[in-house]
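Novice: What follows is a single structure, and I will ask about it in a moment.
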Amino acid sequence: MDWGYINARMRGMKSRLLDHRTLDALIIQPDIDTLIGELEKTAYRDDMIEAKGRYSGMPAIEHALRNNFVRTFRKILAFAKNDEAEQYIRIFLHRWDVQNIKTILRGKNIHVTNEEILECIVPAGEMDEATLTELVRQQDVKAVIDLLATWRIPYARPLTEGFPAFATSSDLGMLECALDRFYYQDALLAVAGTGNNKAIIRQVLATEVDMVNIKTVLRMVRDQVEPEEAKKFLIGGGFELDEKKLGRLLALHTVAEVVSGLGATRYRFLSDIPEAALEAKKISVIEKELERYLVQQGAKSFLGDPLSVASLIGYFWAKYNEITNIRIISRCKTADFPVEHLKEELVYV
Amino acid sequence: MEQVKPTRMELMKKKAQIRLAEQGRDLLREKMDALIQEFFKILSTVSDSRDELEQVSRAADLALLIAEATDDPVTLRSAAFATRRSITVDITGKNIMGVPVPVIEKKRVSKNMLERGYGIIATSARIDETAERYEVELDLLIKLAETETTMRRLGSEIQMNRRRVNALEQILIPELKSQAKYIKNAIEEREREDLFRLKKVKSILERKKKKAKEKRLATMK
Amino acid sequence: MVGWEVPIGAAIAFAGGAIGTGWAQSRIGAAGAGAIAERPETVGSIIILEAIPETLVILGFVVAAMIILMVK
């Protein structure tokens, strides 16, 4: 379908995202109830009212946000009848599939009750609630993987390949890593080839892979993991950082060295982080900057070619960011969190 | 006052008892001083680690809040699934001044990132740091459990000691002393009586002697 | 004398304008539909934007009329 139509709708939807002033109005609310009241004046009105019927306080906001998120994406998926647009939406939605499969595997690994696992499942991806419930009902990790294979769900492949190693070491981390790697490889493979739109999607994905790799490197270096061991957790297909560069970073000894090692790349903004945070090995501060960059980079797509997938990508990131912002605000309202710190945690786009 | 036989034997026995009681009291006092010293040493560490615990727990809660806010709470709970496992502690004992106190040894609560169990790609360093803070809190909690039990044991030991010392000082020793005094009085009384009696006898005897002498003198005349 | 070339020329002029308008309006219409779907209050400006390419077809019509009237 016409990109003009999609672009116009995306921009229309973007105009209804909360602006700075609305967010500031949310921030100054004294407690969670007035915050809910304020949210009812925004685009979250319907979801908020629905969620209020079943929950109250923080859970109500959580549910409203999640419902809104899922609903928004389903809506976009419904009208964006365009191969490349759908492709990107699916890539984005697959995150939840991966997350859900991981949750199920983790739950099964330590034998949590099915109800408890179901509580932690967000049926926002392509796998619907019935599919997930059936997966949860399986006995153990092996049965879950087998069922995925029987249904020919692509995630079965990395899991089946990784299972023998898991069976001997019972280290779920490697299995999850294989799943995550598969997600990015699969997504990058889907947008391989020529074409302006594919190139745009590829660039966004590759930037994300870089982010993930930088985070991994930082955490590995912080915990003094052997470079050879740490290499197993890297993902290929990064935008600027290939395996060789990452390997060099992994061989460094301190977080500050890694950050300065990134000085020659587009991630040099990390060196603006105060020394104290680096000294204290506070990766979360660096991570926040990386995420901020990723979100801003994604949302900046709005400035790109209007007759392409760019506006869709821009909207997704902006929406994702908005949900996160509201969640941060409301969480911080439940615990008297000073407003100045709260603003530091937010990401404005 | 219980009946005591006012004999010299008894007095000696009482005196020996008093000496023993006083010796015991002094020993107990010394022990108590040592215990109190020990107690205050532990007390300061306990209050320090209590403050520390409070700080750490506040920091941990804050980290959890941020992690929950920024990453989805569902993601967080899912990550918690991966890390859920029990910790084992070893409890042995040691002696402080004859007071048995526990020594709790933890079997590695703090894990490194790869050992936590969740895949590291889709989880954030925020989750790492939250987990780390809680692990530190757990460490502190276990340490605090050890020192607090020690402190409580020492406290009750000190209390018991004080009661013993008090019993010795306020009841046993005064009683023994008064008994000894009573015996001493009784014996002295009796001695005085004896003396008097002897004197009386002596004077009677002397008078008799005198009379006999006079009689003899009279017959001689 | 007027031959068959004149009406043909006029037809081409008009058809060119009409096709151009149609093409432009289809694009604007699609985008406009999207915009209206999200923000119904923009309907006024969308109609104006939608109408602007009409000038092309009017221009085509005028040129066609001029060809017929002026070429003797």
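Each chain in the structure tokens gets a letter, A, B, ..., in the order shown, and its residues are numbered from 1; ligands are numbered from 1 in order too.
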Using DSSP assignments from the backbone, pull out every residue in chain C that falls under alpha helix (DSSP H) and give it to me as a VMD selection string.

Specialist: chain C and resid 5 to 38 43 to 51 54 to 70

Novice: Compile the residues of chain C that lie within 6 Å of chain A, evaluated using only C-alpha atoms, and express the compilation as a PyMOL selection string.

Specialist: chain C and resi 30-31+34-35+38
